[in-house]
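Data from my_file17.pdb: PDB, C-alpha atoms
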ATOM      1  CA  MET A   1      -2.412 -14.875 117.372
ATOM      2  CA  ASN A   2      -0.132 -15.328 114.342
ATOM      3  CA  ILE A   3      -1.976 -16.959 111.427
ATOM      4  CA  LEU A   4      -0.309 -18.283 108.276
ATOM      5  CA  VAL A   5      -2.374 -18.529 105.076
ATOM      6  CA  THR A   6      -0.803 -20.551 102.281
ATOM      7  CA  ARG A   7      -1.492 -20.513  98.555
ATOM      8  CA  HIS A   8       1.727 -21.358  96.783
ATOM      9  CA  ASP A   9       0.660 -21.672  93.144
ATOM     10  CA  LYS A  10      -0.360 -19.271  90.340
ATOM     11  CA  ILE A  11      -1.409 -15.608  90.282
ATOM     12  CA  GLY A  12      -5.157 -16.148  89.989
ATOM     13  CA  ASP A  13      -5.143 -18.832  92.674
ATOM     14  CA  PHE A  14      -3.468 -16.456  95.130
ATOM     15  CA  ILE A  15      -5.941 -13.685  94.273
ATOM     16  CA  THR A  16      -8.823 -15.976  95.291
ATOM     17  CA  THR A  17      -7.483 -15.858  98.868
ATOM     18  CA  LEU A  18      -7.680 -12.064  99.171
ATOM     19  CA  SER A  19     -11.321 -12.055 100.265
ATOM     20  CA  MET A  20     -10.644 -14.308 103.263
ATOM     21  CA  LEU A  21      -7.417 -12.458 104.092
ATOM     22  CA  LYS A  22      -9.154  -9.084 104.139
ATOM     23  CA  ILE A  23     -12.050 -10.455 106.184
ATOM     24  CA  LEU A  24      -9.594 -11.955 108.660
ATOM     25  CA  LYS A  25      -7.627  -8.740 109.079
ATOM     26  CA  ALA A  26     -10.674  -6.452 109.192
ATOM     27  CA  ASN A  27     -12.470  -8.434 111.901
ATOM     28  CA  THR A  28      -9.682  -9.603 114.205
ATOM     29  CA  ASP A  29      -6.475  -8.396 115.813
ATOM     30  CA  HIS A  30      -4.555 -11.416 114.534
ATOM     31  CA  ARG A  31      -1.273 -11.037 112.690
ATOM     32  CA  VAL A  32      -1.749 -12.261 109.106
ATOM     33  CA  ILE A  33       1.179 -13.903 107.298
ATOM     34  CA  VAL A  34       1.059 -15.500 103.851
ATOM     35  CA  LEU A  35       3.201 -18.155 102.191
ATOM     36  CA  VAL A  36       3.287 -17.601  98.426
ATOM     37  CA  ALA A  37       5.160 -18.536  95.283
ATOM     38  CA  ASN A  38       7.827 -16.242  93.905
ATOM     39  CA  ILE A  39       5.515 -14.802  91.241
ATOM     40  CA  ASN A  40       3.172 -13.422  93.928
ATOM     41  CA  TYR A  41       5.773 -12.391  96.517
ATOM     42  CA  GLU A  42       6.140  -8.670  95.747
ATOM     43  CA  LEU A  43       2.410  -8.236  95.161
ATOM     44  CA  ALA A  44       1.626  -9.829  98.523
ATOM     45  CA  LYS A  45       4.121  -7.495 100.213
ATOM     46  CA  SER A  46       2.271  -4.492  98.754
ATOM     47  CA  ILE A  47      -1.101  -5.419 100.304
ATOM     48  CA  ASP A  48      -1.899  -3.510 103.495
ATOM     49  CA  TYR A  49      -3.996  -6.225 105.164
ATOM     50  CA  ILE A  50      -1.106  -8.704 104.974
ATOM     51  CA  ASP A  51       1.414  -8.234 107.780
ATOM     52  CA  ASP A  52       4.252 -10.393 106.492
ATOM     53  CA  VAL A  53       5.103 -12.583 103.508
ATOM     54  CA  ILE A  54       7.157 -15.786 103.338
ATOM     55  CA  LEU A  55       8.535 -16.997 100.016
ATOM     56  CA  TYR A  56       7.706 -20.631  99.268
ATOM     57  CA  THR A  57      10.685 -22.745  98.184
ATOM     58  CA  GLN A  58      11.520 -26.444  97.977
ATOM     59  CA  ASP A  59      14.135 -26.142 100.739
ATOM     60  CA  SER A  60      12.033 -27.647 103.545
ATOM     61  CA  TRP A  61      14.570 -27.254 106.351
ATOM     62  CA  LYS A  62      15.438 -23.632 105.646
ATOM     63  CA  LEU A  63      11.814 -22.695 105.032
ATOM     64  CA  SER A  64      10.543 -24.465 108.148
ATOM     65  CA  LYS A  65      13.111 -22.529 110.185
ATOM     66  CA  GLU A  66      11.819 -19.261 108.729
ATOM     67  CA  ILE A  67       8.237 -20.255 109.526
ATOM     68  CA  ARG A  68       9.169 -21.242 113.091
ATOM     69  CA  GLN A  69      10.661 -17.778 113.622
ATOM     70  CA  GLN A  70       7.216 -16.285 113.027
ATOM     71  CA  ASN A  71       5.734 -18.146 116.064
ATOM     72  CA  ILE A  72       2.697 -19.223 114.050
ATOM     73  CA  GLU A  73      -0.112 -20.889 115.991
ATOM     74  CA  VAL A  74      -2.489 -21.619 113.081
ATOM     75  CA  SER A  75      -2.083 -22.270 109.365
ATOM     76  CA  ILE A  76      -4.884 -22.228 106.779
ATOM     77  CA  SER A  77      -3.958 -23.859 103.473
ATOM     78  CA  CYS A  78      -6.200 -23.192 100.483
ATOM     79  CA  PHE A  79      -4.347 -25.655  98.246
ATOM     80  CA  ILE A  80      -2.258 -28.589  99.463
ATOM     81  CA  ASP A  81       0.342 -31.052  98.306
ATOM     82  CA  ASN A  82       2.676 -33.417 100.126
ATOM     83  CA  HIS A  83       5.601 -31.009 100.283
ATOM     84  CA  LEU A  84       3.501 -28.231 101.797
ATOM     85  CA  GLY A  85       1.907 -30.623 104.298
ATOM     86  CA  TRP A  86       5.271 -31.963 105.439
ATOM     87  CA  LEU A  87       6.655 -28.429 105.619
ATOM     88  CA  LEU A  88       3.900 -27.159 107.931
ATOM     89  CA  PHE A  89       4.132 -30.279 110.105
ATOM     90  CA  LEU A  90       7.896 -29.836 110.290
ATOM     91  CA  SER A  91       7.410 -26.185 111.277
ATOM     92  CA  GLY A  92       5.592 -27.173 114.462
ATOM     93  CA  ILE A  93       2.346 -25.309 113.733
ATOM     94  CA  LYS A  94      -0.148 -26.558 116.299
ATOM     95  CA  THR A  95      -3.372 -26.111 114.266
ATOM     96  CA  ARG A  96      -3.156 -26.874 110.559
ATOM     97  CA  ILE A  97      -6.356 -26.333 108.563
ATOM     98  CA  ALA A  98      -6.856 -27.550 104.977
ATOM     99  CA  PRO A  99      -9.403 -29.009 102.556
ATOM    100  CA  ALA A 100      -9.968 -32.736 103.011
ATOM    101  CA  THR A 101      -8.504 -33.606  99.637
ATOM    102  CA  LYS A 102      -5.567 -35.590  98.295
ATOM    103  CA  LEU A 103      -3.283 -37.812 100.349
ATOM    104  CA  ALA A 104      -1.611 -34.656 101.683
ATOM    105  CA  GLN A 105      -4.508 -34.122 104.086
ATOM    106  CA  VAL A 106      -2.822 -36.559 106.504
ATOM    107  CA  TYR A 107      -0.413 -33.750 107.460
ATOM    108  CA  PHE A 108      -3.271 -31.535 108.669
ATOM    109  CA  ASN A 109      -5.213 -31.905 111.910
ATOM    110  CA  LYS A 110      -8.309 -29.885 110.965
ATOM    111  CA  THR A 111      -9.799 -30.612 107.576
ATOM    112  CA  LEU A 112     -12.993 -29.619 105.814
ATOM    113  CA  LYS A 113     -14.740 -31.726 103.182
ATOM    114  CA  GLN A 114     -15.472 -29.230 100.422
ATOM    115  CA  LYS A 115     -15.859 -31.384  97.287
ATOM    116  CA  ARG A 116     -14.779 -28.448  95.145
ATOM    117  CA  SER A 117     -15.230 -30.518  91.983
ATOM    118  CA  GLN A 118     -18.999 -30.261  92.539
ATOM    119  CA  VAL A 119     -18.680 -26.468  92.128
ATOM    120  CA  THR A 120     -21.385 -25.359  94.519
ATOM    121  CA  LYS A 121     -19.631 -21.993  94.948
ATOM    122  CA  THR A 122     -16.656 -19.998  93.713
ATOM    123  CA  GLU A 123     -13.044 -20.692  94.627
ATOM    124  CA  TRP A 124     -12.827 -17.585  96.812
ATOM    125  CA  GLN A 125     -15.972 -18.633  98.690
ATOM    126  CA  TYR A 126     -14.446 -22.056  99.366
ATOM    127  CA  ASN A 127     -11.453 -20.251 100.869
ATOM    128  CA  ILE A 128     -13.675 -18.249 103.217
ATOM    129  CA  ASP A 129     -15.195 -21.543 104.380
ATOM    130  CA  LEU A 130     -11.711 -22.662 105.466
ATOM    131  CA  LEU A 131     -11.365 -19.496 107.536
ATOM    132  CA  LYS A 132     -14.668 -20.323 109.230
ATOM    133  CA  VAL A 133     -13.207 -23.608 110.479
ATOM    134  CA  LEU A 134     -11.098 -21.410 112.756
ATOM    135  CA  LEU A 135     -13.574 -18.567 113.252
ATOM    136  CA  PRO A 136     -17.127 -19.898 112.695
ATOM    137  CA  ASP A 137     -18.874 -16.614 113.505
ATOM    138  CA  ILE A 138     -16.676 -14.234 111.522
ATOM    139  CA  THR A 139     -18.509 -11.822 109.240
ATOM    140  CA  GLU A 140     -18.427 -12.587 105.530
ATOM    141  CA  GLN A 141     -19.051  -8.982 104.489
ATOM    142  CA  LEU A 142     -16.701  -8.010 101.662
ATOM    143  CA  GLU A 143     -15.150  -4.588 101.168
ATOM    144  CA  ARG A 144     -14.006  -4.111  97.591
ATOM    145  CA  PRO A 145     -11.608  -3.475  95.946
ATOM    146  CA  PHE A 146      -9.042  -5.945  97.252
ATOM    147  CA  LEU A 147      -6.166  -4.207  95.483
ATOM    148  CA  VAL A 148      -5.774  -0.430  95.436
ATOM    149  CA  PHE A 149      -3.254   1.638  93.498
ATOM    150  CA  ASP A 150      -3.086   5.391  92.956
ATOM    151  CA  GLN A 151      -3.137   4.847  89.205
ATOM    152  CA  GLN A 152      -6.864   4.154  89.416
ATOM    153  CA  LEU A 153      -7.372   7.909  89.761
ATOM    154  CA  THR A 154      -7.080   9.038  86.140
ATOM    155  CA  ASP A 155      -8.672  11.887  84.253
ATOM    156  CA  SER A 156      -8.259  10.536  80.728
ATOM    157  CA  PRO A 157     -10.969  11.694  78.296
ATOM    158  CA  HIS A 158     -10.917   8.236  76.719
ATOM    159  CA  LYS A 159     -12.471   4.974  77.775
ATOM    160  CA  THR A 160      -9.622   2.475  77.834
ATOM    161  CA  ILE A 161     -10.675  -1.028  76.799
ATOM    162  CA  ALA A 162      -7.935  -3.615  77.301
ATOM    163  CA  PHE A 163      -7.689  -7.033  75.666
ATOM    164  CA  HIS A 164      -5.478  -9.814  77.023
ATOM    165  CA  PRO A 165      -5.793 -12.529  74.373
ATOM    166  CA  GLY A 166      -3.258 -15.048  75.704
ATOM    167  CA  PHE A 167      -4.136 -18.222  77.563
ATOM    168  CA  GLY A 168      -1.145 -18.290  79.907
ATOM    169  CA  GLY A 169      -1.683 -22.062  80.080
ATOM    170  CA  SER A 170      -4.481 -21.764  82.615
ATOM    171  CA  SER A 171      -7.770 -21.589  80.721
ATOM    172  CA  GLU A 172      -9.940 -24.006  78.793
ATOM    173  CA  GLY A 173     -12.080 -21.474  76.916
ATOM    174  CA  ASN A 174     -11.220 -18.422  74.860
ATOM    175  CA  LEU A 175     -12.006 -16.472  71.705
ATOM    176  CA  THR A 176      -9.836 -17.018  68.669
ATOM    177  CA  LEU A 177      -7.185 -14.377  68.036
ATOM    178  CA  ASP A 178      -9.098 -13.310  64.926
ATOM    179  CA  ASP A 179     -12.183 -12.675  67.024
ATOM    180  CA  TYR A 180     -10.150 -10.714  69.578
ATOM    181  CA  LEU A 181      -9.038  -8.503  66.699
ATOM    182  CA  ARG A 182     -12.569  -8.282  65.395
ATOM    183  CA  LEU A 183     -13.959  -7.384  68.807
ATOM    184  CA  ALA A 184     -11.261  -4.806  69.472
ATOM    185  CA  LYS A 185     -11.747  -3.191  66.051
ATOM    186  CA  PHE A 186     -15.491  -3.018  66.654
ATOM    187  CA  ILE A 187     -15.048  -1.108  69.904
ATOM    188  CA  ALA A 188     -12.112   0.979  68.635
ATOM    189  CA  ASN A 189     -14.464   2.550  66.095
ATOM    190  CA  LYS A 190     -16.575   3.969  68.915
ATOM    191  CA  GLN A 191     -16.021   7.566  69.952
ATOM    192  CA  ASP A 192     -13.634   8.280  72.847
ATOM    193  CA  VAL A 193     -12.410   4.673  73.086
ATOM    194  CA  GLN A 194      -8.743   3.737  73.337
ATOM    195  CA  VAL A 195      -7.850   0.077  72.730
ATOM    196  CA  VAL A 196      -4.934  -1.637  74.471
ATOM    197  CA  PHE A 197      -3.621  -5.181  74.041
ATOM    198  CA  THR A 198      -1.542  -6.714  76.833
ATOM    199  CA  PHE A 199       0.583  -9.844  76.627
ATOM    200  CA  GLY A 200       2.133 -11.982  79.345
ATOM    201  CA  PRO A 201       5.545 -13.688  79.353
ATOM    202  CA  ASP A 202       4.125 -16.806  77.643
ATOM    203  CA  ASP A 203       2.118 -14.927  75.006
ATOM    204  CA  GLY A 204       4.830 -14.348  72.396
ATOM    205  CA  ASP A 205       2.970 -16.178  69.630
ATOM    206  CA  SER A 206      -0.265 -14.332  70.352
ATOM    207  CA  LYS A 207       1.526 -10.983  70.317
ATOM    208  CA  ALA A 208       3.233 -11.771  67.010
ATOM    209  CA  TYR A 209      -0.107 -12.699  65.447
ATOM    210  CA  ILE A 210      -1.849  -9.547  66.691
ATOM    211  CA  GLU A 211       1.041  -7.347  65.519
ATOM    212  CA  THR A 212       0.908  -8.905  62.082
ATOM    213  CA  HIS A 213      -2.861  -8.677  61.583
ATOM    214  CA  ILE A 214      -3.961  -5.513  63.381
ATOM    215  CA  ASP A 215      -5.315  -2.771  61.081
ATOM    216  CA  PHE A 216      -6.711  -0.215  63.519
ATOM    217  CA  PRO A 217      -5.276   2.102  66.201
ATOM    218  CA  ALA A 218      -4.289   0.244  69.373
ATOM    219  CA  GLU A 219      -1.448   0.178  71.864
ATOM    220  CA  LEU A 220       0.334  -3.155  72.319
ATOM    221  CA  ILE A 221       1.987  -3.657  75.701
ATOM    222  CA  ASP A 222       4.372  -6.484  76.470
ATOM    223  CA  SER A 223       3.692  -7.014  80.178
ATOM    224  CA  LYS A 224       7.092  -8.490  81.030
ATOM    225  CA  MET A 225       7.184  -6.256  84.068
ATOM    226  CA  PRO A 226       6.942  -6.743  87.844
ATOM    227  CA  LEU A 227       3.501  -7.970  88.838
ATOM    228  CA  VAL A 228       2.826  -4.888  90.976
ATOM    229  CA  ASP A 229       3.525  -2.671  87.965
ATOM    230  CA  PHE A 230       1.204  -4.791  85.823
ATOM    231  CA  CYS A 231      -1.524  -4.310  88.442
ATOM    232  CA  LYS A 232      -0.968  -0.551  88.293
ATOM    233  CA  LEU A 233      -1.372  -0.726  84.523
ATOM    234  CA  ILE A 234      -4.600  -2.743  84.759
ATOM    235  CA  ALA A 235      -5.913  -0.215  87.276
ATOM    236  CA  THR A 236      -5.954   2.424  84.521
ATOM    237  CA  PHE A 237      -8.322   0.387  82.317
ATOM    238  CA  ASP A 238     -12.100   0.800  82.227
ATOM    239  CA  VAL A 239     -12.841  -2.698  80.899
ATOM    240  CA  PHE A 240     -10.570  -5.743  80.850
ATOM    241  CA  VAL A 241     -11.352  -8.453  78.279
ATOM    242  CA  SER A 242      -9.615 -11.801  78.702
ATOM    243  CA  THR A 243      -9.889 -15.497  79.275
ATOM    244  CA  SER A 244      -9.954 -16.945  82.796
ATOM    245  CA  THR A 245      -6.337 -16.473  83.797
ATOM    246  CA  GLY A 246      -4.224 -14.523  86.287
ATOM    247  CA  PRO A 247      -4.686 -11.051  84.741
ATOM    248  CA  MET A 248      -8.472 -11.487  84.840
ATOM    249  CA  HIS A 249      -8.291 -12.144  88.573
ATOM    250  CA  LEU A 250      -6.060  -9.095  89.048
ATOM    251  CA  ALA A 251      -8.643  -6.961  87.263
ATOM    252  CA  GLY A 252     -11.341  -8.424  89.494
ATOM    253  CA  ALA A 253      -9.342  -7.651  92.624
ATOM    254  CA  LEU A 254      -9.070  -4.043  91.386
ATOM    255  CA  ASN A 255     -12.867  -4.116  90.952
ATOM    256  CA  ILE A 256     -12.878  -2.868  87.373
ATOM    257  CA  LYS A 257     -15.306  -4.120  84.753
ATOM    258  CA  THR A 258     -14.361  -7.468  83.231
ATOM    259  CA  LEU A 259     -15.567  -9.393  80.216
ATOM    260  CA  SER A 260     -14.242 -12.901  80.754
ATOM    261  CA  PHE A 261     -14.180 -16.224  78.927
ATOM    262  CA  PHE A 262     -14.324 -19.607  80.662
ATOM    263  CA  GLY A 263     -14.204 -23.238  79.661
ATOM    264  CA  ASP A 264     -17.485 -24.918  78.750
ATOM    265  CA  SER A 265     -17.343 -27.374  81.654
ATOM    266  CA  LEU A 266     -18.516 -27.052  85.236
ATOM    267  CA  PHE A 267     -15.015 -27.227  86.727
ATOM    268  CA  ALA A 268     -13.639 -24.541  84.383
ATOM    269  CA  SER A 269     -16.729 -22.330  84.462
ATOM    270  CA  SER A 270     -17.384 -18.962  86.056
ATOM    271  CA  LYS A 271     -19.401 -20.773  88.714
ATOM    272  CA  ARG A 272     -16.054 -21.712  90.219
ATOM    273  CA  TRP A 273     -13.543 -19.221  88.830
ATOM    274  CA  ALA A 274     -15.457 -15.933  88.717
ATOM    275  CA  THR A 275     -13.483 -12.960  90.004
ATOM    276  CA  ILE A 276     -13.829 -11.386  93.460
ATOM    277  CA  SER A 277     -15.188  -8.131  92.023
ATOM    278  CA  ASP A 278     -18.734  -6.853  92.462
ATOM    279  CA  PRO A 279     -21.012  -9.242  90.515
ATOM    280  CA  GLU A 280     -22.505  -6.379  88.497
ATOM    281  CA  LYS A 281     -19.023  -5.576  87.149
ATOM    282  CA  GLN A 282     -18.606  -9.062  85.676
ATOM    283  CA  ALA A 283     -19.701 -10.246  82.244
ATOM    284  CA  ASN A 284     -18.868 -13.947  82.133
ATOM    285  CA  PHE A 285     -19.130 -16.272  79.142
ATOM    286  CA  GLU A 286     -18.630 -20.028  78.960
ATOM    287  CA  VAL A 287     -17.098 -20.555  75.517
ATOM    288  CA  PRO A 288     -18.360 -23.576  73.553
ATOM    289  CA  LEU A 289     -15.863 -25.558  71.526
ATOM    290  CA  ASN A 290     -16.008 -24.298  67.921
ATOM    291  CA  TYR A 291     -18.452 -21.589  68.949
ATOM    292  CA  ALA A 292     -20.777 -20.095  66.330
ATOM    293  CA  GLU A 293     -21.230 -16.552  65.010
ATOM    294  CA  GLU A 294     -24.232 -16.105  67.274
ATOM    295  CA  PHE A 295     -22.016 -16.561  70.335
ATOM    296  CA  TYR A 296     -19.539 -13.968  69.086
ATOM    297  CA  ARG A 297     -22.375 -11.494  68.499
ATOM    298  CA  CYS A 298     -23.508 -11.923  72.113
ATOM    299  CA  VAL A 299     -20.007 -11.068  73.302
ATOM    300  CA  GLU A 300     -19.859  -8.028  71.021
ATOM    301  CA  ASN A 301     -23.206  -6.744  72.278
ATOM    302  CA  LYS A 302     -22.161  -7.183  75.906
ATOM    303  CA  LEU A 303     -18.928  -5.251  75.358
ATOM    304  CA  GLN A 304     -20.908  -2.422  73.787
ATOM    305  CA  GLU A 305     -23.194  -2.385  76.838
ATOM    306  CA  LEU A 306     -20.238  -2.248  79.218
ATOM    307  CA  CYS A 307     -18.692   0.666  77.360
ATOM    308  CA  ALA A 308     -21.995   2.559  77.363
ATOM    309  CA  GLU A 309     -22.115   2.256  81.174
ATOM    310  CA  ILE A 310     -18.752   3.959  81.690
TER
END
Is it possible to express this structure as structure tokens?
Amino acid sequence: MNILVTRHDKIGDFITTLSMLKILKANTDHRVIVLVANINYELAKSIDYIDDVILYTQDSWKLSKEIRQQNIEVSISCFIDNHLGWLLFLSGIKTRIAPATKLAQVYFNKTLKQKRSQVTKTEWQYNIDLLKVLLPDITEQLERPFLVFDQQLTDSPHKTIAFHPGFGGSSEGNLTLDDYLRLAKFIANKQDVQVVFTFGPDDGDSKAYIETHIDFPAELIDSKMPLVDFCKLIATFDVFVSTSTGPMHLAGALNIKTLSFFGDSLFASSKRWATISDPEKQANFEVPLNYAEEFYRCVENKLQELCAEI
């Protein structure tokens, strides 16, 4: 059977589908195809448990023709909108599975009421539930990591602690840039620790601020590079410190230690957006608005603990 899994939005959202994709491929003989946005296209092509990748565009007729050529019997959509629903209907896919949400659900003939806003589980667990609509008895056993690159095998004498201070427009909770500097300086003073700052395409202001105010040894990396190359870079880090955004999810998929900041609301919390890494490798903080010194000290202590475990 040819199965299409769709998640046509941001980096982190696509990463939350990797658990269900790997489970599907590991436990069946089905051919697994994904429909993704341009930003995730090359990364998806690099993943060995994905058989083929289709680039999502707004050209419904051309895209539906490409989908039809794949002879897809079933689609599983982890996020839906009207254009996607019409596209899959137009493509002649017999079984179209999706969450029972939004008006777009009318284009799907198998839907599951998930009420994700109630946050009873993480986003990646909700995605596995959609897979179980098709395969109710499939095993949910997870084999981590979900991304593997040779660069994980390093023999550096240093512990590399990376900080990604930008929001990327997708988080509600974060440390201030001054506290990122403070935290990084604290850990940079430890023996055998190398500090790295990374910045995404939308983090120009954050990078300029860090460059202007930094007063300790650290490498600053402008990550305007292909996403696969950025993953290879993250794979060399021992701890990745960031807000809840795409790079955090990449680090989780690589199963490295993360110290992550989330919004102080149920919808934006780690209860929904935690990474797909081993739980013991996650240190998750919900960041209060105008947080106090006591909160910062908790973060600092946790980072010290993580470094001591390496």
For region 73-78 of chain A, list every protein, DNA or RNA residue within 7 Å, evaluated using only C-alpha atoms, and leave out those in the same chain fewer than 6 positions away; present the list as number ranges by chain.
A: 1-7, 93-99, 127, 130
Could you expand the PyMOL selection byres ((chain A and resi 59-70) around 8) into the explicit residues it covers here, written as a compact mmCIF listing (two decimals) with C-alpha atoms, keeping the file's coordinate frame?
# COMPACT_ATOMS: atom_id res chain seq x y z
CA ASN A 2 -0.13 -15.33 114.34
CA ILE A 54 7.16 -15.79 103.34
CA TYR A 56 7.71 -20.63 99.27
CA THR A 57 10.68 -22.74 98.18
CA GLN A 58 11.52 -26.44 97.98
CA ASN A 71 5.73 -18.15 116.06
CA ILE A 72 2.70 -19.22 114.05
CA HIS A 83 5.60 -31.01 100.28
CA LEU A 87 6.66 -28.43 105.62
CA LEU A 88 3.90 -27.16 107.93
CA LEU A 90 7.90 -29.84 110.29
CA SER A 91 7.41 -26.18 111.28
CA GLY A 92 5.59 -27.17 114.46
CA ILE A 93 2.35 -25.31 113.73
Applied to the shown file, which residues does the PyMOL selection byres ((chain A and resi 294-304) around 9) return, written as a list in words?
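Against this file, the PyMOL selection byres ((chain A and resi 294-304) around 9) returns the residues Leu175, Asp179, Leu183, Phe186, Ile187, Val239, Val241, Leu259, Ala283, Phe285, Val287, Pro288, Tyr291, Ala292, Glu293, Glu305, Leu306, Cys307, Ala308 and Glu309 of chain A.
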Could you jot down the CA of Met225 (chain A) to CA of Ala162 (chain A) separation for me, Å, one decimal place?
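CA of Ala162 (chain A) lies at a distance of 16.8 Å from CA of Met225 (chain A).
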Rounded to one decimal place, report the CA of Gly12 (chain A)-CA of Val228 (chain A) distance in Å.
13.8 Å
Skipping near chain neighbours, those fewer than 6 positions away, what residues fall within 7 Å of region 212-221 of chain A using all atoms listed in the file, listed as a list in words?
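The contact residues come out as Leu181, Lys185, Gln194, Val195, Val196, Phe197, Thr198 and Phe199 of chain A.
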Once the PyMOL selection byres ((chain A and resi 251) around 10) has been applied to the shown file, what residues remain in the selection, as a list in words?
Pro145, Leu147, Cys231, Leu233, Ile234, Ala235, Phe237, Asp238, Val239, Phe240, Val241, Ser242, Gly246, Pro247, Met248, His249, Leu250, Gly252, Ala253, Leu254, Asn255, Ile256, Lys257, Thr258, Thr275, Ile276 and Ser277 of chain A
For the atom pair CA of Ala104 (chain A) and CA of Asp81 (chain A), what is the interatomic distance in Å to one decimal place?
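We find that CA of Ala104 (chain A) and CA of Asp81 (chain A) lie 5.3 Å from each other.
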Of the candidates A:Thr16, A:Ser269, A:Ser117, A:Ser206, which shows the shortest atom-to-atom distance to Thr176 (chain A), using all atoms listed in the file?
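Checking each candidate against Thr176 (chain A), we get A:Ser206 as the closest.
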With only C-alpha atoms as the atoms that count, which of A:Ala208, A:Ile50, A:Ala274, A:Ala268 lies nearest to Arg31 (chain A)?
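When distances to Arg31 (chain A) are compared using only C-alpha atoms, the smallest one comes from A:Ile50.
Here the question is which of A:His164, A:Ile23, A:Ile39, A:Glu286 gets nearest to Gln141 (chain A) using only C-alpha atoms, and that residue is A:Ile23.
Each of A:Val193, A:Ile138, A:Val148, A:Ile210 was compared to Tyr180 (chain A) using all atoms listed in the file, and A:Ile210 turns out to be the nearest.
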Minimum-distance residue to Tyr126 (chain A), chosen among A:Lys281, A:Lys190, A:Lys10, A:Arg272 (using only C-alpha atoms):
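With only C-alpha atoms as the atom set, the closest residue is A:Arg272.
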Residue nearest Phe14 (chain A) among A:Asn27, A:Thr236, A:Gln114, A:Thr245 (counting only C-alpha atoms)
A:Thr245
Do a neighbour search on Lys22 (chain A) at 9 Å with all atoms listed in the file, toss out local chain neighbours closer than 5 positions, and write the hits as an NGL selection string.
:A and (17 or 27 or 49-50 or 142-143 or 146)
Name the residues in contact with Val53 (chain A) at a cut-off of 7 Å, using all atoms listed in the file, excluding same-chain residues fewer than 4 positions from it; report them as a list in words.
Ile33, Val34, Leu35, Ala44 and Lys45 of chain A
